[in-house]
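Chemist: Just protein08.csv, nothing more (CSV, C-alpha atoms):
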```csv
chain,number,residue,atom,x,y,z
A,5,MET,CA,1.4,-33.3,53.6
A,6,ALA,CA,-0.3,-34.7,56.7
A,7,LEU,CA,2.2,-37.6,56.7
A,8,THR,CA,5.1,-35.2,56.4
A,9,THR,CA,3.9,-33.0,59.3
A,10,ALA,CA,3.3,-36.1,61.5
A,11,ALA,CA,6.8,-37.4,60.7
A,12,GLN,CA,8.3,-34.0,61.6
A,13,SER,CA,6.4,-33.9,64.9
A,14,ARG,CA,7.8,-37.3,65.8
A,15,SER,CA,11.4,-36.4,65.1
A,16,SER,CA,13.7,-37.4,68.0
A,17,PHE,CA,16.2,-34.5,67.4
A,18,ASP,CA,16.7,-31.0,66.0
A,19,LEU,CA,19.7,-29.7,64.1
A,20,LYS,CA,21.1,-26.3,65.2
A,21,SER,CA,24.3,-24.5,64.7
A,22,ALA,CA,26.6,-24.3,67.7
A,23,SER,CA,30.1,-22.9,68.6
A,24,LEU,CA,32.6,-24.8,70.6
A,25,PRO,CA,35.9,-23.5,72.1
A,26,VAL,CA,38.8,-25.7,71.0
A,27,VAL,CA,42.5,-25.9,71.7
A,28,ALA,CA,44.6,-25.2,68.5
A,29,VAL,CA,47.7,-27.3,68.2
A,30,LEU,CA,50.1,-25.7,65.7
A,31,LEU,CA,51.9,-28.7,64.1
A,32,LYS,CA,55.6,-27.9,63.3
A,33,THR,CA,56.8,-31.3,62.3
A,34,THR,CA,55.6,-34.2,60.1
A,35,ASP,CA,57.4,-36.7,62.5
A,36,ALA,CA,54.7,-38.2,64.6
A,37,ALA,CA,57.1,-39.8,67.0
A,38,GLN,CA,58.9,-36.5,67.6
A,39,PHE,CA,55.5,-34.8,68.1
A,40,ALA,CA,54.5,-37.4,70.7
A,41,ALA,CA,57.8,-37.0,72.6
A,42,ASP,CA,57.6,-33.2,72.6
A,43,LEU,CA,53.9,-33.3,73.7
A,44,ALA,CA,54.7,-35.6,76.6
A,45,GLU,CA,57.5,-33.4,77.7
A,46,ARG,CA,55.4,-30.2,77.4
A,47,VAL,CA,52.6,-31.6,79.6
A,48,ALA,CA,54.8,-33.4,82.1
A,49,ASP,CA,54.8,-30.4,84.5
A,50,ALA,CA,51.0,-30.1,84.4
A,51,PRO,CA,49.4,-33.6,83.9
A,52,GLY,CA,45.9,-32.1,84.5
A,53,PHE,CA,46.3,-29.3,82.0
A,54,PHE,CA,43.9,-30.9,79.5
A,55,ASP,CA,40.5,-32.1,80.5
A,56,ASN,CA,39.1,-33.8,77.4
A,57,ASP,CA,39.4,-30.6,75.5
A,58,PRO,CA,38.6,-30.8,71.8
A,59,VAL,CA,41.6,-30.1,69.6
A,60,LEU,CA,42.1,-28.5,66.2
A,61,ILE,CA,45.3,-29.4,64.4
A,62,ASP,CA,46.7,-26.5,62.4
A,63,LEU,CA,48.9,-27.7,59.6
A,64,ALA,CA,49.9,-24.3,58.2
A,65,PRO,CA,53.6,-24.6,59.3
A,66,VAL,CA,54.0,-28.0,57.5
A,67,ARG,CA,51.7,-27.3,54.5
A,68,GLU,CA,54.7,-27.4,52.1
A,69,ALA,CA,56.3,-30.4,53.6
A,70,GLU,CA,56.8,-33.4,51.3
A,71,ALA,CA,56.9,-36.1,54.0
A,72,PRO,CA,53.5,-37.7,54.7
A,73,ILE,CA,51.9,-37.1,58.1
A,74,ASP,CA,50.7,-40.1,60.2
A,75,PHE,CA,47.5,-38.5,61.4
A,76,ALA,CA,46.4,-41.7,63.3
A,77,ALA,CA,49.6,-41.5,65.4
A,78,ILE,CA,49.2,-37.8,65.9
A,79,ALA,CA,45.6,-38.2,67.1
A,80,ALA,CA,46.6,-41.2,69.3
A,81,ALA,CA,49.3,-39.0,71.0
A,82,LEU,CA,46.8,-36.3,71.7
A,83,ARG,CA,44.3,-38.7,73.1
A,84,GLU,CA,46.9,-40.1,75.5
A,85,HIS,CA,47.0,-36.6,77.2
A,86,ASN,CA,43.2,-36.2,77.6
A,87,THR,CA,42.4,-34.3,74.5
A,88,LEU,CA,39.9,-35.1,71.7
A,89,PRO,CA,41.3,-34.4,68.2
A,90,VAL,CA,38.4,-33.5,66.0
A,91,ALA,CA,39.6,-31.5,63.0
A,92,VAL,CA,42.5,-30.1,61.0
A,93,ARG,CA,43.0,-27.0,59.0
A,94,GLY,CA,45.6,-25.2,56.8
A,95,GLY,CA,47.1,-28.3,55.1
A,96,SER,CA,47.7,-29.1,51.5
A,97,PRO,CA,45.0,-31.0,49.6
A,98,ALA,CA,46.9,-34.2,50.1
A,99,GLN,CA,47.3,-33.6,53.8
A,100,MET,CA,43.7,-32.7,54.3
A,101,GLU,CA,42.6,-35.9,52.4
A,102,ALA,CA,44.9,-38.0,54.6
A,103,ALA,CA,43.5,-36.3,57.7
A,104,ARG,CA,39.9,-37.0,56.6
A,105,ALA,CA,40.9,-40.7,56.0
A,106,ALA,CA,42.0,-40.8,59.6
A,107,GLY,CA,38.6,-39.6,60.8
A,108,LEU,CA,39.4,-35.9,61.3
A,109,ALA,CA,37.1,-33.2,60.0
A,110,ALA,CA,38.3,-30.3,57.7
A,111,ALA,CA,37.9,-26.9,59.4
A,112,PRO,CA,38.1,-23.5,57.7
A,113,ASP,CA,41.5,-21.9,57.5
A,114,ALA,CA,42.3,-19.2,60.0
A,115,PRO,CA,41.5,-15.7,58.7
A,116,PRO,CA,44.5,-13.7,57.5
A,117,ALA,CA,46.0,-11.3,60.0
A,118,ARG,CA,44.8,-7.7,59.5
A,119,ALA,CA,46.8,-4.5,59.9
A,120,GLU,CA,46.5,-2.9,63.2
A,121,ALA,CA,43.8,-0.2,63.3
A,122,PRO,CA,43.0,2.4,66.0
A,123,ALA,CA,41.3,0.6,68.9
A,124,PRO,CA,37.5,1.2,68.8
A,125,VAL,CA,35.5,2.1,71.9
A,126,GLN,CA,35.1,-1.2,73.6
A,127,GLU,CA,31.7,-2.4,74.6
A,128,VAL,CA,31.6,-3.7,78.1
A,129,VAL,CA,29.6,-6.8,78.8
A,130,ARG,CA,29.0,-7.6,82.5
A,131,GLU,CA,28.7,-11.3,83.3
A,132,VAL,CA,27.7,-12.4,86.8
A,133,ILE,CA,28.7,-15.8,87.9
A,134,ARG,CA,26.1,-17.3,90.3
A,135,GLU,CA,27.6,-19.1,93.3
A,136,VAL,CA,26.6,-22.7,93.1
A,137,GLU,CA,28.1,-25.9,94.3
A,138,VAL,CA,28.5,-27.5,90.8
A,139,GLU,CA,30.8,-26.5,88.0
A,140,VAL,CA,29.6,-23.4,86.3
A,141,VAL,CA,30.8,-22.6,82.8
A,142,ARG,CA,30.0,-19.3,81.0
A,143,GLU,CA,31.1,-18.7,77.4
A,144,VAL,CA,30.4,-15.1,76.4
A,145,PRO,CA,30.3,-14.7,72.5
A,146,MET,CA,31.3,-11.2,71.4
A,147,PRO,CA,30.5,-9.7,68.0
A,148,GLY,CA,33.9,-7.9,67.9
A,149,PRO,CA,36.6,-6.5,70.2
A,150,GLY,CA,35.1,-6.0,73.7
A,151,THR,CA,35.5,-6.7,77.4
A,152,VAL,CA,33.8,-9.2,79.8
A,153,VAL,CA,33.6,-8.1,83.4
A,154,VAL,CA,33.1,-10.6,86.2
A,155,ASP,CA,32.2,-9.1,89.7
A,156,LYS,CA,31.8,-12.3,91.7
A,157,PRO,CA,34.5,-14.6,93.2
A,158,LEU,CA,35.3,-17.7,91.1
A,159,ARG,CA,35.5,-20.8,93.1
A,160,SER,CA,37.1,-24.2,92.4
A,161,GLY,CA,35.5,-25.8,89.3
A,162,GLN,CA,34.1,-22.6,87.9
A,163,GLN,CA,35.3,-21.3,84.5
A,164,VAL,CA,34.8,-18.2,82.5
A,165,TYR,CA,35.7,-17.9,78.8
A,166,ALA,CA,35.7,-14.4,77.2
A,167,ARG,CA,35.5,-15.4,73.5
A,168,GLY,CA,37.0,-12.7,71.2
A,169,ALA,CA,37.4,-10.3,74.1
A,170,ASP,CA,39.5,-9.3,77.1
A,171,LEU,CA,38.4,-10.5,80.5
A,172,VAL,CA,38.3,-8.4,83.7
A,173,VAL,CA,37.8,-10.1,87.1
A,174,MET,CA,37.1,-7.9,90.1
A,175,ALA,CA,37.2,-10.6,92.7
A,176,VAL,CA,39.4,-13.6,93.7
A,177,VAL,CA,40.0,-16.4,91.2
A,178,SER,CA,40.3,-19.4,93.6
A,179,PHE,CA,42.6,-22.4,93.3
A,180,GLY,CA,40.9,-24.8,90.8
A,181,ALA,CA,39.0,-22.0,89.0
A,182,GLU,CA,39.8,-21.1,85.4
A,183,VAL,CA,39.7,-17.8,83.5
A,184,ILE,CA,40.2,-17.9,79.7
A,185,ALA,CA,40.2,-15.1,77.2
A,186,ASP,CA,41.1,-14.6,73.5
A,187,GLY,CA,42.6,-11.3,74.6
A,188,ASN,CA,44.1,-10.0,77.8
A,189,ILE,CA,43.2,-11.1,81.4
A,190,HIS,CA,43.0,-8.6,84.2
A,191,VAL,CA,42.4,-9.8,87.8
A,192,TYR,CA,42.1,-7.1,90.4
A,193,ALA,CA,42.3,-9.5,93.3
A,194,PRO,CA,44.3,-12.7,94.1
A,195,LEU,CA,44.8,-14.9,91.1
A,196,ARG,CA,45.2,-18.4,92.4
A,197,GLY,CA,43.6,-20.6,89.7
A,198,ARG,CA,44.5,-21.0,86.1
A,199,ALA,CA,44.7,-18.0,83.7
A,200,ILE,CA,44.8,-18.6,79.9
A,201,ALA,CA,45.2,-15.5,77.7
A,202,GLY,CA,45.4,-15.4,74.0
A,203,ALA,CA,43.5,-18.7,73.8
A,204,ARG,CA,43.2,-18.6,70.1
A,205,GLY,CA,46.9,-17.8,69.4
A,206,ASN,CA,47.1,-14.1,70.2
A,207,THR,CA,50.8,-13.8,71.2
A,208,GLU,CA,50.4,-10.1,72.2
A,209,ALA,CA,47.9,-11.0,75.0
A,210,ARG,CA,48.9,-10.4,78.6
A,211,ILE,CA,47.9,-11.4,82.1
A,212,PHE,CA,47.7,-8.8,84.9
A,213,SER,CA,47.0,-9.4,88.6
A,214,THR,CA,47.2,-7.3,91.7
A,215,CYS,CA,48.2,-10.5,93.6
A,216,LEU,CA,49.9,-13.2,91.4
A,217,GLU,CA,49.6,-16.6,93.0
A,218,PRO,CA,48.5,-18.7,90.0
A,219,GLN,CA,48.1,-22.5,89.6
A,220,LEU,CA,49.0,-22.0,85.9
A,221,VAL,CA,49.5,-19.1,83.5
A,222,SER,CA,49.4,-19.5,79.7
A,223,ILE,CA,49.6,-17.2,76.7
A,224,ALA,CA,49.0,-18.4,73.2
A,225,GLY,CA,49.6,-22.0,74.3
A,226,ILE,CA,52.9,-21.3,76.1
A,227,TYR,CA,52.3,-22.1,79.8
A,228,ARG,CA,54.0,-22.3,83.2
A,229,THR,CA,52.9,-23.9,86.3
A,230,THR,CA,53.8,-22.8,89.8
A,231,GLU,CA,55.4,-26.1,90.7
A,232,THR,CA,58.4,-24.1,89.9
A,233,GLU,CA,58.0,-21.3,92.5
A,234,LEU,CA,57.6,-17.8,91.3
A,235,PRO,CA,60.4,-15.3,92.1
A,236,ALA,CA,59.9,-13.4,95.4
A,237,GLU,CA,59.6,-10.1,93.5
A,238,VAL,CA,56.3,-11.2,91.8
A,239,ARG,CA,54.9,-13.9,94.1
A,240,GLY,CA,51.8,-12.6,95.7
A,241,LYS,CA,52.4,-9.1,94.4
A,242,PRO,CA,51.1,-7.0,91.5
A,243,ALA,CA,52.6,-8.5,88.3
A,244,GLN,CA,52.1,-9.1,84.6
A,245,VAL,CA,52.7,-12.1,82.4
A,246,ARG,CA,53.7,-11.6,78.7
A,247,LEU,CA,55.2,-13.6,75.9
A,248,GLU,CA,58.6,-12.9,74.4
A,249,GLY,CA,59.2,-15.3,71.5
A,250,GLU,CA,58.3,-18.6,73.0
A,251,LYS,CA,59.3,-17.6,76.6
A,252,LEU,CA,56.9,-16.4,79.3
A,253,LEU,CA,58.1,-13.4,81.2
A,254,ILE,CA,56.7,-12.6,84.6
A,255,GLU,CA,57.4,-9.1,85.7
A,256,PRO,CA,56.4,-6.9,88.6
A,257,LEU,CA,54.0,-4.0,87.9
A,258,ALA,CA,55.5,-0.6,88.8
```
Translate this structure into structure tokens?
Modeler:
Amino acid sequence: MALTTAAQSRSSFDLKSASLPVVAVLLKTTDAAQFAADLAERVADAPGFFDNDPVLIDLAPVREAEAPIDFAAIAAALREHNTLPVAVRGGSPAQMEAARAAGLAAAPDAPPARAEAPAPVQEVVREVIREVEVEVVREVPMPGPGTVVVDKPLRSGQQVYARGADLVVMAVVSFGAEVIADGNIHVYAPLRGRAIAGARGNTEARIFSTCLEPQLVSIAGIYRTTETELPAEVRGKPAQVRLEGEKLLIEPLA
């Protein structure tokens, strides 16, 4: 027993559970070359969109496909665009085995969609971002539907992620800052950085701002940069961003 206790005290590490936000890529083809070409086209307008983000490849749309998937080529294409493919989910047994052989972990399948229920009273969590000179990242885990409120301005390099919740920002989101939410994003000030709503695939999520001047807006993985200038009726004015099919609509707020 003494030897066991001594060995434990000399251990160079501990094992703990942890959660990590990932980008989900919904694979719709088994053709790795086509995927690589489409991915390159998608990120061409925003070469800095990914920043070594971990990626989960969702195989649900191709689960019944008979053609094999070249996971090594899929992973290589993702790495070329500054992402880190780490896991797959939703595939057939053969697909999951091929993915494991390519070095990708097997992740649990996404939970089935549940019928809409009356919205519960939302718990409001207030998260204050300290003003510091280095990058500040705050991930706020939520036990269920809720809202994260940020009172302070977000400067370049700062990021807030409202996991499982809506995000409300009461101050400016500066160019180079990033706000992410699994639900809706409300910015009651100029939105000049990047806003990513529906981060885990919620296509009903929306982005609202009283002064829309974003670097990038995205809902459920569909994004638009402002290299293509916004129309005059929404640029710098109260507006909302929503998804219709696979097209982002940017509309003025009445």
Chemist: Need to verify the contact set: region 67-84 of chain A, 9 Å, all atoms listed in the file, exclusion of same-chain residues closer than 6 positions in sequence. Can you return it as a ChimeraX atom specification?
Modeler: /A:33-37,39-41,43-44,56,59,90,94-96,98-99,102-103,105-108
Chemist: Create the file for the chosen residues now, containing C-alpha atoms and written as a short mmCIF file (atom, residue, chain, number, x, y, z; two decimals), in the frame of the given file.
Modeler:
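Saved file selection_21.cif follows:
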```
data_model
loop_
_atom_site.label_atom_id
_atom_site.label_comp_id
_atom_site.auth_asym_id
_atom_site.auth_seq_id
_atom_site.Cartn_x
_atom_site.Cartn_y
_atom_site.Cartn_z
CA THR A 33 56.80 -31.30 62.30
CA THR A 34 55.60 -34.20 60.10
CA ASP A 35 57.40 -36.70 62.50
CA ALA A 36 54.70 -38.20 64.60
CA ALA A 37 57.10 -39.80 67.00
CA PHE A 39 55.50 -34.80 68.10
CA ALA A 40 54.50 -37.40 70.70
CA ALA A 41 57.80 -37.00 72.60
CA LEU A 43 53.90 -33.30 73.70
CA ALA A 44 54.70 -35.60 76.60
CA ASN A 56 39.10 -33.80 77.40
CA VAL A 59 41.60 -30.10 69.60
CA VAL A 90 38.40 -33.50 66.00
CA GLY A 94 45.60 -25.20 56.80
CA GLY A 95 47.10 -28.30 55.10
CA SER A 96 47.70 -29.10 51.50
CA ALA A 98 46.90 -34.20 50.10
CA GLN A 99 47.30 -33.60 53.80
CA ALA A 102 44.90 -38.00 54.60
CA ALA A 103 43.50 -36.30 57.70
CA ALA A 105 40.90 -40.70 56.00
CA ALA A 106 42.00 -40.80 59.60
CA GLY A 107 38.60 -39.60 60.80
CA LEU A 108 39.40 -35.90 61.30
#
```
Chemist: Residues at most 12 Å from region 239-247 of chain A, counting only C-alpha atoms, excluding those fewer than 4 positions away in the same chain, as a ChimeraX atom specification?
Modeler: /A:187-196,199-202,205-228,230,232-235,251-258
Chemist: Using the selection just defined, write its residues with C-alpha atoms as an mmCIF file, in the frame of the given file.
Modeler:
```cif
data_model
loop_
_atom_site.group_PDB
_atom_site.id
_atom_site.type_symbol
_atom_site.label_atom_id
_atom_site.label_comp_id
_atom_site.auth_asym_id
_atom_site.auth_seq_id
_atom_site.Cartn_x
_atom_site.Cartn_y
_atom_site.Cartn_z
ATOM 1 C CA GLY A 187 42.600 -11.300 74.600
ATOM 2 C CA ASN A 188 44.100 -10.000 77.800
ATOM 3 C CA ILE A 189 43.200 -11.100 81.400
ATOM 4 C CA HIS A 190 43.000 -8.600 84.200
ATOM 5 C CA VAL A 191 42.400 -9.800 87.800
ATOM 6 C CA TYR A 192 42.100 -7.100 90.400
ATOM 7 C CA ALA A 193 42.300 -9.500 93.300
ATOM 8 C CA PRO A 194 44.300 -12.700 94.100
ATOM 9 C CA LEU A 195 44.800 -14.900 91.100
ATOM 10 C CA ARG A 196 45.200 -18.400 92.400
ATOM 11 C CA ALA A 199 44.700 -18.000 83.700
ATOM 12 C CA ILE A 200 44.800 -18.600 79.900
ATOM 13 C CA ALA A 201 45.200 -15.500 77.700
ATOM 14 C CA GLY A 202 45.400 -15.400 74.000
ATOM 15 C CA GLY A 205 46.900 -17.800 69.400
ATOM 16 C CA ASN A 206 47.100 -14.100 70.200
ATOM 17 C CA THR A 207 50.800 -13.800 71.200
ATOM 18 C CA GLU A 208 50.400 -10.100 72.200
ATOM 19 C CA ALA A 209 47.900 -11.000 75.000
ATOM 20 C CA ARG A 210 48.900 -10.400 78.600
ATOM 21 C CA ILE A 211 47.900 -11.400 82.100
ATOM 22 C CA PHE A 212 47.700 -8.800 84.900
ATOM 23 C CA SER A 213 47.000 -9.400 88.600
ATOM 24 C CA THR A 214 47.200 -7.300 91.700
ATOM 25 C CA CYS A 215 48.200 -10.500 93.600
ATOM 26 C CA LEU A 216 49.900 -13.200 91.400
ATOM 27 C CA GLU A 217 49.600 -16.600 93.000
ATOM 28 C CA PRO A 218 48.500 -18.700 90.000
ATOM 29 C CA GLN A 219 48.100 -22.500 89.600
ATOM 30 C CA LEU A 220 49.000 -22.000 85.900
ATOM 31 C CA VAL A 221 49.500 -19.100 83.500
ATOM 32 C CA SER A 222 49.400 -19.500 79.700
ATOM 33 C CA ILE A 223 49.600 -17.200 76.700
ATOM 34 C CA ALA A 224 49.000 -18.400 73.200
ATOM 35 C CA GLY A 225 49.600 -22.000 74.300
ATOM 36 C CA ILE A 226 52.900 -21.300 76.100
ATOM 37 C CA TYR A 227 52.300 -22.100 79.800
ATOM 38 C CA ARG A 228 54.000 -22.300 83.200
ATOM 39 C CA THR A 230 53.800 -22.800 89.800
ATOM 40 C CA THR A 232 58.400 -24.100 89.900
ATOM 41 C CA GLU A 233 58.000 -21.300 92.500
ATOM 42 C CA LEU A 234 57.600 -17.800 91.300
ATOM 43 C CA PRO A 235 60.400 -15.300 92.100
ATOM 44 C CA LYS A 251 59.300 -17.600 76.600
ATOM 45 C CA LEU A 252 56.900 -16.400 79.300
ATOM 46 C CA LEU A 253 58.100 -13.400 81.200
ATOM 47 C CA ILE A 254 56.700 -12.600 84.600
ATOM 48 C CA GLU A 255 57.400 -9.100 85.700
ATOM 49 C CA PRO A 256 56.400 -6.900 88.600
ATOM 50 C CA LEU A 257 54.000 -4.000 87.900
ATOM 51 C CA ALA A 258 55.500 -0.600 88.800
#
```
Chemist: CA of Gln163 (chain A) and CA of Arg46 (chain A), how far apart in Å?
Modeler: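 So the answer is 23.1 Å.
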Chemist: Using only C-alpha atoms, find the one residue out of A:Leu30, A:Val173, A:Ala111, A:Val164 that sits nearest to Val66 (chain A).
Modeler: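 The closest residue to Val66 (chain A) is A:Leu30.
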Chemist: What is the CA of Phe179 (chain A) to CA of Ser160 (chain A) distance in Å?
Modeler: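 One can read the CA of Phe179 (chain A) to CA of Ser160 (chain A) distance as 5.9 Å.
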Chemist: Go through A:Ala28, A:Ala236, A:Ala203, A:Val154 and flag the residue nearest Gly168 (chain A), using only C-alpha atoms for the distances.
Modeler: A:Ala203
Chemist: Can you measure CA of Pro157 (chain A) to CA of Val176 (chain A) for me? One decimal in Å is fine.
Modeler: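 Result for CA of Pro157 (chain A) versus CA of Val176 (chain A): 5.0 Å, one decimal.
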Chemist: Between A:Pro65, A:Met174, A:Leu60, A:Leu88, which residue has the minimum interatomic distance to Pro112 (chain A), considering only C-alpha atoms?
Modeler: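 Comparing A:Pro65, A:Met174, A:Leu60, A:Leu88 against Pro112 (chain A), the winner is A:Leu60.
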Chemist: Residues around (39.1, -13.4, 71.2), cut-off 7 Å, counting all atoms listed in the file - what are they as a list of chain:residue names?
Modeler: A:Ala166, A:Arg167, A:Gly168, A:Ala169, A:Ala185, A:Asp186, A:Gly187, A:Arg204
Chemist: Which residues are near Ala109 (chain A)? Cut-off 7 Å, all atoms listed in the file, ignore same chain within fewer than 5 positions. Put them as a VMD selection string.
Modeler: chain A and resid 90 to 92 104
Chemist: Next, write the just-selected residues to a file, as a PDB file, in the frame of the given file, keeping C-alpha atoms as the atom set.
Modeler:
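Saved file selection_15.pdb follows:
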```
ATOM      1  CA  VAL A  90      38.400 -33.500  66.000  1.00  0.00           C
ATOM      2  CA  ALA A  91      39.600 -31.500  63.000  1.00  0.00           C
ATOM      3  CA  VAL A  92      42.500 -30.100  61.000  1.00  0.00           C
ATOM      4  CA  ARG A 104      39.900 -37.000  56.600  1.00  0.00           C
TER       5      ARG A 104
END
```
